[in-house]
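Since the structure comes first, as structure tokens, the remarks are kept for the end.
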Amino acid sequence: MTSSKRTPPLAGLKVLDLSQIMAGPYCTMVLADLGAEVIKVEKPDTGDDAREMGPYVNGESSCFAQINRNKLGVSLNLKKPEAREILYQLASWADVVVENYRVGVTRSLGVDYDTLSKLNPRLVYCSISGYGQTGPYAEKGGFDLVAQGMTGIMSMTGEPGGRPLKSGIAIYDIGAGLTAVYSILAACMHQKATGEGQHIDISLAECGLPWFIWEAAAYFAEGTVPCATGSRHRVSAPYQAFSTRNGYIIIGAANQRTWEKLCANVLGRPGLIADPRFLTNSDRLANIHILEPLLEKEFAEADADEWIARCEAAQVPCGPINDFGQAVNDPHYAARGMIQELVHPKLGKMKTIGIPSHFSLTPGAIREPAPTLGQHTDAILRRFGLSDDRITELRALKVVQ
């Protein structure tokens with residue numbers, strides 16, 4: 001039973017967020033959702049580059065608002081020595097620093113791991129970059145789409161013989177953020193046990209490679225280079241999208257028992273079970289070019305909803321292919337709390353994606369909307385001992401905003 005009186009699992013963890021756009025901010029948002037205190041530092045005037053990405057509501061970026069909730073916002077001009085002195089105080093306070101500058105920029109600003117770890121030896125400092133801090137590509141700028149091309153996923157996405165296609169979402173930005181989350185938590189366990197900090201090096205171009213399980217199995221065992229398969233699975237059949245009379249559905253007959261249920265109880269074609277072309281999963285894979293049109297001819301006889309109902313009655317995994325609007329309005333997600341509403345000082349009432357980790361005792365929470373640019377600057381500076389007069393001076397010098 002969930003208890004709202006328990007503190008969230010990362011309560012007490014102090015995070016200094018120097019990142020922007022997506023990979024780093026996603027990482028720090030997850031940490032904040034689970035209870036960490038996150039202070040986000042942005043440059044004056046324009047702030048995080050995500051603030052320049054629409055759509056806009058009342059002049060505020062909804063994109064930025066979706067990925068920076070539960071954070072305190074401070075605006076510092078790190079090119080100014082006075083701002084760096086403030087940042088050094090924040091780094092001394094923090095357990096974790098997250099940054100995703102291009103390699104070399106933090107050193108030029110004097111906020112790199114070597115500099116900050118001298119002030120705080122127990123600091124866990126996580127760098128997220130396109131290609132990592134070392135290697136021949138280290139100094140190149142990195143972007144999600146470039147990483148998708150480099151790792152081979154675009155050559156595997158889409159229909160056979162078609163143009164290379166990217167994933168519909170920024171999978172490597174999000175993947176790098178999630179890789180950073182579990183790496184930071186592992187480093188924090190070491191920090192707690194030993195008092196030692198360390199530098200974590202996360203690369204967009206590397207974080208997705210471990211996800212290629214089936215592809216790696218085939219390539220390392222047989223030298224098979226994976227190619228685009230449309231919606232077909234690489235090792236199971238039929239496990240893909242099929243066209244019905246009024247749209248597409250997903251069928252997941254991924255094992256022999258489910259295949260037999262599909263034939264006998266859903267399609268009413270038990271004879272397919274004994275067909276020598278489809279006897280085993282390997283046979284079905286080898287003859288998928290025959291099996292796919294055969295099944296689609298059957299599915300064309302009824303609407304998607306009817307096939308889904310038949311599959312569910314027969315316990316054959318299946319589902320619709322929703323657009324995003326249909327997905328977020330699905331009653332299952334509503335029942336699970338995956339669509340939340342909060343009030344932003346500029347955007348007003350806004351919806352956001354909920355927290356996918358459901359803890360029985362120590363749940364996370366969406367407590368606050370994303371900060372407006374520099375919203376908490378004065379409060380944070382006062383917290384670290386600066387007087388109102390000094391804050392006024394720093395504002396006049398364009399050190400803070």
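Naming works like this for the structure tokens: A, B, ... for the chains as they're shown, residue 1 at the start of each chain, ligands 1 onward in shown order.
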Which of region 51-178 of chain A DSSP labels strand (DSSP E or B), written as a list in words: Tyr56, Val57, Glu60, Ser61, Lys71, Leu72, Gly73, Val74, Ser75, Leu76, Val96, Val97, Val98, Glu99, Val124, Tyr125, Cys126, Ser127, Ile128 and Ser129 of chain A
Non-local contacts of Arg367 (chain A) (10 Å; only C-alpha atoms; under 2 positions in same chain excluded) as a count of residues only: 11
Please list as a list in words every residue within 8 Å of region 45-49 of chain A, counting only C-alpha atoms and excluding residues in the same chain fewer than 3 positions away.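 Skipping anything fewer than 3 positions along the chain leaves Ser19, Gln20, Ile21, Glu42, Glu52, Met53, Ser75, Leu373 and Gln401 of chain A.
Here CA of Glu37 (chain A) and CA of Lys14 (chain A) stand 5.0 Å from one another.
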Compile the contact shell of region 259-261 of chain A as an MDAnalysis selection string: residues with an atom at most 10 Å away, counting only C-alpha atoms, same-chain residues fewer than 2 positions apart removed. chainID A and resid 237:239 251:257 263:274 278:281 311 314:316
Rounded to one decimal place, report the CA of Tyr172 (chain A)-CA of Ala50 (chain A) distance in Å.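 Between CA of Tyr172 (chain A) and CA of Ala50 (chain A) the gap is 16.7 Å.
Our summary of the geometry notes that CA of Leu145 (chain A) is positioned 10.6 Å from CA of Gly130 (chain A).
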Write out as a ChimeraX atom specification each polymer residue whose atoms come within 7 Å of region 56-60 of chain A, counting only C-alpha atoms; drop sequence neighbours fewer than 2 positions from it. /A:54,62,346-347
Just write the chosen residues, C-alpha atoms, as a PDB file, in the first residue's frame.
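selection_17.pdb, written as the output of this step:
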```
ATOM      1  CA  GLY A  54       8.367  25.557 -29.198  1.00  0.00           C
ATOM      2  CA  SER A  62       6.340  23.959 -23.206  1.00  0.00           C
ATOM      3  CA  LYS A 346       3.395  31.308 -17.048  1.00  0.00           C
ATOM      4  CA  LEU A 347       1.886  28.337 -18.878  1.00  0.00           C
TER       5      LEU A 347
END
```
